[in-house]
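Q: What follows is structure.cif; its format and atoms are mmCIF, C-alpha atoms and all ligand atoms.
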data_input
#
loop_
_atom_site.group_PDB
_atom_site.id
_atom_site.type_symbol
_atom_site.label_atom_id
_atom_site.label_comp_id
_atom_site.auth_asym_id
_atom_site.auth_seq_id
_atom_site.Cartn_x
_atom_site.Cartn_y
_atom_site.Cartn_z
ATOM 1 C CA MET W 1 0.000 0.000 0.000
ATOM 2 C CA ASN W 2 1.405 3.358 -0.992
ATOM 3 C CA CYS W 3 1.751 5.219 2.320
ATOM 4 C CA MET W 4 4.136 7.885 1.167
ATOM 5 C CA ALA W 5 1.541 10.354 -0.136
ATOM 6 C CA PHE W 6 -0.580 12.911 1.691
ATOM 7 C CA PRO W 7 -4.330 13.133 1.081
ATOM 8 C CA THR W 8 -5.673 15.989 -1.037
ATOM 9 C CA VAL W 9 -7.719 18.070 1.416
ATOM 10 C CA THR W 10 -10.952 19.516 0.023
ATOM 11 C CA ALA W 11 -13.719 21.654 1.539
ATOM 12 C CA VAL W 12 -17.435 21.301 0.845
ATOM 13 C CA GLN W 13 -20.616 22.593 2.469
ATOM 14 C CA GLY W 14 -23.399 20.171 3.242
ATOM 15 C CA ASP W 15 -24.772 17.385 5.387
ATOM 16 C CA ILE W 16 -22.088 14.749 5.953
ATOM 17 C CA THR W 17 -24.716 11.974 5.988
ATOM 18 C CA ARG W 18 -25.144 12.576 2.261
ATOM 19 C CA ALA W 19 -21.435 12.526 1.376
ATOM 20 C CA GLU W 20 -20.700 10.008 -1.396
ATOM 21 C CA VAL W 21 -17.308 8.788 -0.280
ATOM 22 C CA ASP W 22 -15.859 5.450 0.823
ATOM 23 C CA ALA W 23 -16.036 6.362 4.529
ATOM 24 C CA VAL W 24 -17.689 9.050 6.648
ATOM 25 C CA VAL W 25 -16.152 10.114 9.961
ATOM 26 C CA ASN W 26 -18.490 10.538 12.936
ATOM 27 C CA ALA W 27 -17.887 12.999 15.800
ATOM 28 C CA ALA W 28 -18.791 10.477 18.482
ATOM 29 C CA ASN W 29 -18.450 10.375 22.270
ATOM 30 C CA ARG W 30 -16.597 7.869 24.455
ATOM 31 C CA ARG W 31 -19.752 5.829 25.115
ATOM 32 C CA MET W 32 -20.213 5.138 21.371
ATOM 33 C CA ARG W 33 -23.981 4.826 21.706
ATOM 34 C CA GLY W 34 -25.107 7.856 19.627
ATOM 35 C CA GLY W 35 -25.830 11.434 20.612
ATOM 36 C CA GLY W 36 -26.650 14.783 19.025
ATOM 37 C CA GLY W 37 -25.011 16.769 16.188
ATOM 38 C CA VAL W 38 -23.197 14.691 13.577
ATOM 39 C CA ASP W 39 -23.527 11.603 15.825
ATOM 40 C CA GLY W 40 -27.301 11.949 15.903
ATOM 41 C CA ALA W 41 -27.509 12.627 12.173
ATOM 42 C CA ILE W 42 -25.378 9.590 11.278
ATOM 43 C CA HIS W 43 -27.334 7.232 13.527
ATOM 44 C CA ARG W 44 -30.662 8.601 12.244
ATOM 45 C CA ALA W 45 -29.667 8.305 8.572
ATOM 46 C CA GLY W 46 -27.664 5.096 8.975
ATOM 47 C CA GLY W 47 -30.372 3.316 10.932
ATOM 48 C CA PRO W 48 -30.196 0.791 13.779
ATOM 49 C CA ALA W 49 -27.443 -1.281 12.124
ATOM 50 C CA VAL W 50 -24.924 1.432 13.015
ATOM 51 C CA LEU W 51 -25.785 1.362 16.730
ATOM 52 C CA ALA W 52 -25.855 -2.450 16.734
ATOM 53 C CA ASP W 53 -22.337 -2.475 15.279
ATOM 54 C CA CYS W 54 -21.153 0.164 17.799
ATOM 55 C CA ILE W 55 -22.366 -2.082 20.625
ATOM 56 C CA ALA W 56 -20.853 -5.218 19.098
ATOM 57 C CA ARG W 57 -17.484 -3.733 18.179
ATOM 58 C CA PHE W 58 -17.066 -1.209 21.005
ATOM 59 C CA PRO W 59 -18.589 -2.810 24.126
ATOM 60 C CA GLY W 60 -16.380 -0.579 26.297
ATOM 61 C CA GLY W 61 -16.698 2.503 24.084
ATOM 62 C CA LEU W 62 -13.736 4.348 22.583
ATOM 63 C CA ALA W 63 -11.054 6.585 24.115
ATOM 64 C CA THR W 64 -10.744 10.284 23.301
ATOM 65 C CA GLY W 65 -8.435 10.701 20.304
ATOM 66 C CA ASP W 66 -9.025 7.154 19.095
ATOM 67 C CA ALA W 67 -11.045 5.965 16.063
ATOM 68 C CA GLY W 68 -12.821 2.778 15.030
ATOM 69 C CA TRP W 69 -15.087 1.661 12.196
ATOM 70 C CA THR W 70 -18.569 0.206 11.888
ATOM 71 C CA THR W 71 -20.997 -0.539 9.098
ATOM 72 C CA ALA W 72 -22.628 2.519 7.536
ATOM 73 C CA GLY W 73 -26.103 0.940 7.494
ATOM 74 C CA ASP W 74 -28.354 2.938 5.129
ATOM 75 C CA LEU W 75 -25.839 5.748 4.526
ATOM 76 C CA PRO W 76 -24.508 6.224 0.932
ATOM 77 C CA THR W 77 -21.013 5.224 2.086
ATOM 78 C CA ARG W 78 -19.352 1.921 2.926
ATOM 79 C CA TRP W 79 -18.120 2.591 6.447
ATOM 80 C CA VAL W 80 -18.498 4.992 9.351
ATOM 81 C CA ILE W 81 -15.248 5.774 11.121
ATOM 82 C CA HIS W 82 -16.174 6.960 14.624
ATOM 83 C CA THR W 83 -13.721 9.183 16.458
ATOM 84 C CA VAL W 84 -13.983 10.844 19.870
ATOM 85 C CA GLY W 85 -12.868 14.449 20.048
ATOM 86 C CA PRO W 86 -11.680 16.209 23.207
ATOM 87 C CA ASN W 87 -14.511 18.000 25.030
ATOM 88 C CA HIS W 88 -13.175 21.568 25.248
ATOM 89 C CA ARG W 89 -16.205 22.602 27.271
ATOM 90 C CA ALA W 90 -15.303 19.989 29.876
ATOM 91 C CA GLY W 91 -11.698 21.194 30.075
ATOM 92 C CA GLU W 92 -10.144 18.740 27.601
ATOM 93 C CA THR W 93 -8.013 21.323 25.750
ATOM 94 C CA ASP W 94 -5.047 19.180 24.681
ATOM 95 C CA ARG W 95 -4.767 19.878 20.940
ATOM 96 C CA SER W 96 -2.788 16.691 20.315
ATOM 97 C CA LEU W 97 -5.939 14.723 21.213
ATOM 98 C CA LEU W 98 -7.872 16.580 18.499
ATOM 99 C CA SER W 99 -5.091 16.024 15.990
ATOM 100 C CA SER W 100 -5.060 12.344 16.962
ATOM 101 C CA CYS W 101 -8.724 12.030 15.886
ATOM 102 C CA TYR W 102 -7.775 12.907 12.313
ATOM 103 C CA ARG W 103 -4.606 10.822 12.297
ATOM 104 C CA ARG W 104 -6.270 7.729 13.752
ATOM 105 C CA SER W 105 -9.228 8.101 11.363
ATOM 106 C CA LEU W 106 -6.802 8.068 8.404
ATOM 107 C CA GLU W 107 -5.079 4.981 9.847
ATOM 108 C CA VAL W 108 -8.438 3.193 10.122
ATOM 109 C CA ALA W 109 -9.311 4.321 6.586
ATOM 110 C CA ASP W 110 -6.049 2.723 5.390
ATOM 111 C CA GLU W 111 -6.940 -0.524 7.192
ATOM 112 C CA LEU W 112 -10.247 -0.505 5.295
ATOM 113 C CA GLY W 113 -8.775 0.499 1.939
ATOM 114 C CA ALA W 114 -10.957 3.624 1.869
ATOM 115 C CA ARG W 115 -9.611 6.135 -0.683
ATOM 116 C CA SER W 116 -12.037 9.004 -0.034
ATOM 117 C CA VAL W 117 -13.046 10.042 3.487
ATOM 118 C CA ALA W 118 -15.440 12.806 4.630
ATOM 119 C CA PHE W 119 -14.710 14.540 7.963
ATOM 120 C CA PRO W 120 -16.855 16.855 10.073
ATOM 121 C CA LEU W 121 -15.050 19.469 12.163
ATOM 122 C CA ILE W 122 -14.430 17.290 15.197
ATOM 123 C CA SER W 123 -15.113 18.946 18.590
ATOM 124 C CA ALA W 124 -16.236 22.221 16.931
ATOM 125 C CA GLY W 125 -19.901 21.815 17.966
ATOM 126 C CA VAL W 126 -21.201 20.517 21.282
ATOM 127 C CA TYR W 127 -17.628 20.013 22.477
ATOM 128 C CA GLY W 128 -16.960 23.726 22.046
ATOM 129 C CA TRP W 129 -13.505 23.746 20.465
ATOM 130 C CA PRO W 130 -12.696 27.264 19.159
ATOM 131 C CA LEU W 131 -13.691 27.120 15.481
ATOM 132 C CA ASP W 132 -10.549 28.617 13.942
ATOM 133 C CA ASP W 133 -8.317 26.190 15.820
ATOM 134 C CA ALA W 134 -10.625 23.269 15.045
ATOM 135 C CA ILE W 135 -10.296 24.100 11.339
ATOM 136 C CA ASP W 136 -6.534 24.656 11.626
ATOM 137 C CA THR W 137 -6.026 21.315 13.374
ATOM 138 C CA ALA W 138 -8.122 19.476 10.785
ATOM 139 C CA VAL W 139 -6.375 20.935 7.724
ATOM 140 C CA GLU W 140 -2.898 20.745 9.266
ATOM 141 C CA THR W 141 -3.222 17.099 10.361
ATOM 142 C CA LEU W 142 -5.023 15.826 7.264
ATOM 143 C CA SER W 143 -2.539 17.449 4.890
ATOM 144 C CA THR W 144 0.561 16.118 6.675
ATOM 145 C CA THR W 145 -0.352 12.511 7.538
ATOM 146 C CA PRO W 146 1.204 9.997 5.107
ATOM 147 C CA CYS W 147 -1.418 7.420 4.097
ATOM 148 C CA ALA W 148 -3.123 5.832 1.105
ATOM 149 C CA VAL W 149 -6.260 8.003 1.396
ATOM 150 C CA GLU W 150 -6.452 10.184 -1.716
ATOM 151 C CA GLU W 151 -9.181 12.656 -0.702
ATOM 152 C CA ALA W 152 -9.850 13.976 2.791
ATOM 153 C CA ARG W 153 -13.058 16.012 2.407
ATOM 154 C CA ILE W 154 -13.955 18.433 5.204
ATOM 155 C CA VAL W 155 -17.735 18.874 5.256
ATOM 156 C CA ALA W 156 -18.883 22.154 6.821
ATOM 157 C CA PHE W 157 -22.532 22.290 7.831
ATOM 158 C CA ASP W 158 -23.159 26.041 7.390
ATOM 159 C CA THR W 159 -21.985 28.666 4.887
ATOM 160 C CA ALA W 160 -19.954 30.776 7.335
ATOM 161 C CA THR W 161 -17.974 27.748 8.478
ATOM 162 C CA PHE W 162 -17.546 26.556 4.904
ATOM 163 C CA ARG W 163 -15.999 29.919 3.924
ATOM 164 C CA LEU W 164 -13.505 29.652 6.784
ATOM 165 C CA VAL W 165 -12.568 26.063 5.880
ATOM 166 C CA GLU W 166 -12.287 26.913 2.166
ATOM 167 C CA ARG W 167 -9.919 29.794 2.949
ATOM 168 C CA ARG W 168 -7.756 27.674 5.284
ATOM 169 C CA VAL W 169 -7.546 24.832 2.737
ATOM 170 C CA ALA W 170 -6.497 27.335 0.048
ATOM 171 C CA GLU W 171 -3.615 28.467 2.297
ATOM 172 C CA GLY W 172 -2.256 24.901 2.214
HETATM 173 N N1 LIG W 201 -23.058 17.373 8.655
HETATM 174 C C1 LIG W 201 -21.867 18.038 8.743
HETATM 175 N N2 LIG W 201 -21.492 18.732 9.837
HETATM 176 C C2 LIG W 201 -22.350 18.762 10.878
HETATM 177 C C3 LIG W 201 -23.608 18.092 10.863
HETATM 178 C C4 LIG W 201 -23.942 17.379 9.675
HETATM 179 N N3 LIG W 201 -25.105 16.701 9.564
HETATM 180 N N4 LIG W 201 -24.221 18.311 12.068
HETATM 181 C C5 LIG W 201 -23.385 19.079 12.785
HETATM 182 N N5 LIG W 201 -22.270 19.366 12.078
HETATM 183 C C6 LIG W 201 -21.105 20.162 12.460
HETATM 184 C C7 LIG W 201 -21.274 21.088 13.634
HETATM 185 O O1 LIG W 201 -21.795 22.340 13.192
HETATM 186 C C8 LIG W 201 -19.819 21.217 14.109
HETATM 187 O O2 LIG W 201 -19.126 22.160 13.316
HETATM 188 O O3 LIG W 201 -20.122 19.218 12.878
HETATM 189 C C9 LIG W 201 -19.221 19.834 13.816
HETATM 190 C C10 LIG W 201 -19.106 18.914 15.057
HETATM 191 O O4 LIG W 201 -20.212 19.170 15.904
HETATM 192 P P1 LIG W 201 -20.863 18.016 16.845
HETATM 193 O O5 LIG W 201 -21.618 17.056 16.020
HETATM 194 O O6 LIG W 201 -21.576 18.730 17.943
HETATM 195 O O7 LIG W 201 -19.615 17.197 17.441
HETATM 196 P P2 LIG W 201 -18.607 17.561 18.628
HETATM 197 O O8 LIG W 201 -18.477 19.027 18.823
HETATM 198 O O9 LIG W 201 -17.407 16.741 18.333
HETATM 199 O O10 LIG W 201 -19.358 16.986 19.925
HETATM 200 C C11 LIG W 201 -19.490 15.603 20.066
HETATM 201 O O11 LIG W 201 -21.792 15.836 20.537
HETATM 202 O O12 LIG W 201 -23.341 14.945 19.191
HETATM 203 C C12 LIG W 201 -22.697 14.748 20.362
HETATM 204 O O13 LIG W 201 -22.611 12.371 20.680
HETATM 205 C C13 LIG W 201 -21.843 13.503 20.327
HETATM 206 O O14 LIG W 201 -21.267 13.659 22.628
HETATM 207 C C14 LIG W 201 -20.788 13.859 21.317
HETATM 208 C C15 LIG W 201 -20.574 15.348 21.070
#
Would you mind giving the structure from this file in structure tokens?
Ligand code: APR

A:
Amino acid sequence: MNCMAFPTVTAVQGDITRAEVDAVVNAANRRMRGGGGVDGAIHRAGGPAVLADCIARFPGGLATGDAGWTTAGDLPTRWVIHTVGPNHRAGETDRSLLSSCYRRSLEVADELGARSVAFPLISAGVYGWPLDDAIDTAVETLSTTPCAVEEARIVAFDTATFRLVERRVAEG
């Protein structure tokens, strides 16, 4: 597997549950049993098969900064890669944990042979990570992690966020 290249990082606006890629990344929590935001949207759109696989494959949940895959159920993608961001609001402000979410998600994507992966802005919602730094961490980590993934697509939910991501991606 060619692991010497970096993914091409792209920015789009939309609902990540509709992304037509090989794998969609979920902004999960340590319990891995669903939630709000992206987590809620993915479980709603993916259906009960996603939760069943979370329970089967992650009986003890998942650590902050780690990532793991499940079936995508009814989503237009093959896999969901769940990752647990640091909860800034709860005092988890270690940036290396946020960066680890992106790095570990790419590693899992490589294990699966996924060549295109869609990412939400991990921790930038309920978990309250400052938006500019959440975007910076995403673009920086995705564009400097050697792996076989060809496209790392950052999906921004609203226009204002999309503009910020687009500008940061253009800076390289
Ligand atoms: N598609 C793309 N982006 C989305 C979507 C969607 N359908 N829904 C929300 N977002 C954006 C948010 O606007 C934010 O920028 O994804 C980013 C991450 O927000 P959250 O989903 O709140 O995730 P996070 O901040 O990591 O908090 C995780 O929230 O939903 C619960 O169970 C989850 O406890 C966990 C926590």

Q: If you count all atoms listed in the file, which residues fall within 10 Å of region 67-74 of chain W, apart from same-chain ones fewer than 5 positions away, as an NGL selection string?

A: :W and (17 or 22-28 or 42-58 or 61-62 or 79-85 or 100-109 or 111-112)

Q: Translate the PyMOL selection byres (((not hetatm)) within 6 of (chain W and resi 201)), as applied to the file shown, into an explicit residue set as a count of residues only.

A: 27

Q: Which residues would end up in the selection if the PyMOL selection byres (((chain W and resi 148) around 10) and not hetatm) were applied here, given that I need the answer as a tab-separated table (two decimals) with C-alpha atoms, in the frame of the given file?

A:
chain	number	residue	atom	x	y	z
W	1	MET	CA	0.00	0.00	0.00
W	2	ASN	CA	1.40	3.36	-0.99
W	3	CYS	CA	1.75	5.22	2.32
W	4	MET	CA	4.14	7.88	1.17
W	5	ALA	CA	1.54	10.35	-0.14
W	6	PHE	CA	-0.58	12.91	1.69
W	7	PRO	CA	-4.33	13.13	1.08
W	106	LEU	CA	-6.80	8.07	8.40
W	107	GLU	CA	-5.08	4.98	9.85
W	109	ALA	CA	-9.31	4.32	6.59
W	110	ASP	CA	-6.05	2.72	5.39
W	111	GLU	CA	-6.94	-0.52	7.19
W	113	GLY	CA	-8.78	0.50	1.94
W	114	ALA	CA	-10.96	3.62	1.87
W	115	ARG	CA	-9.61	6.14	-0.68
W	116	SER	CA	-12.04	9.00	-0.03
W	145	THR	CA	-0.35	12.51	7.54
W	146	PRO	CA	1.20	10.00	5.11
W	147	CYS	CA	-1.42	7.42	4.10
W	149	VAL	CA	-6.26	8.00	1.40
W	150	GLU	CA	-6.45	10.18	-1.72
W	151	GLU	CA	-9.18	12.66	-0.70

Q: As an exercise, work out the distance from CA of Gln13 (chain W) to CA of Thr159 (chain W) in Å and give it to one decimal place.

A: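 So the two atoms, CA of Gln13 (chain W) and CA of Thr159 (chain W), lie 6.7 Å apart.
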
Q: To test the calculation: enclose all listed atoms of region 123-126 of chain W in a box whose edges run along x, y and z, add 5 Å on each side, then state centre and edge lengths in Å to one decimal, as JSON.

A:
{"center_x": -18.2, "center_y": 20.6, "center_z": 19.1, "size_x": 16.1, "size_y": 13.3, "size_z": 14.4}

Q: Could you tell me how far CA of Arg33 (chain W) sits from CA of Asp136 (chain W), in Å to one decimal place?

A: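 One can read the CA of Asp136 (chain W) to CA of Arg33 (chain W) distance as 28.3 Å.
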
Q: Report the distance between CA of Ala160 (chain W) and CA of Thr137 (chain W) in Å, rounded to one decimal place.

A: 17.9 Å

Q: What lies within 7 Å of Ala152 (chain W) using only C-alpha atoms, ignoring chain neighbours under 3 positions off, as a ChimeraX atom specification?

A: /W:7-10,116-118,142

Q: Evaluate the PyMOL selection byres (((chain W and resi 167) around 12) and not hetatm) here and jot the selected residues down as a PyMOL selection string.

A: chain W and resi 10-12+132+135-136+139+160-166+168-172
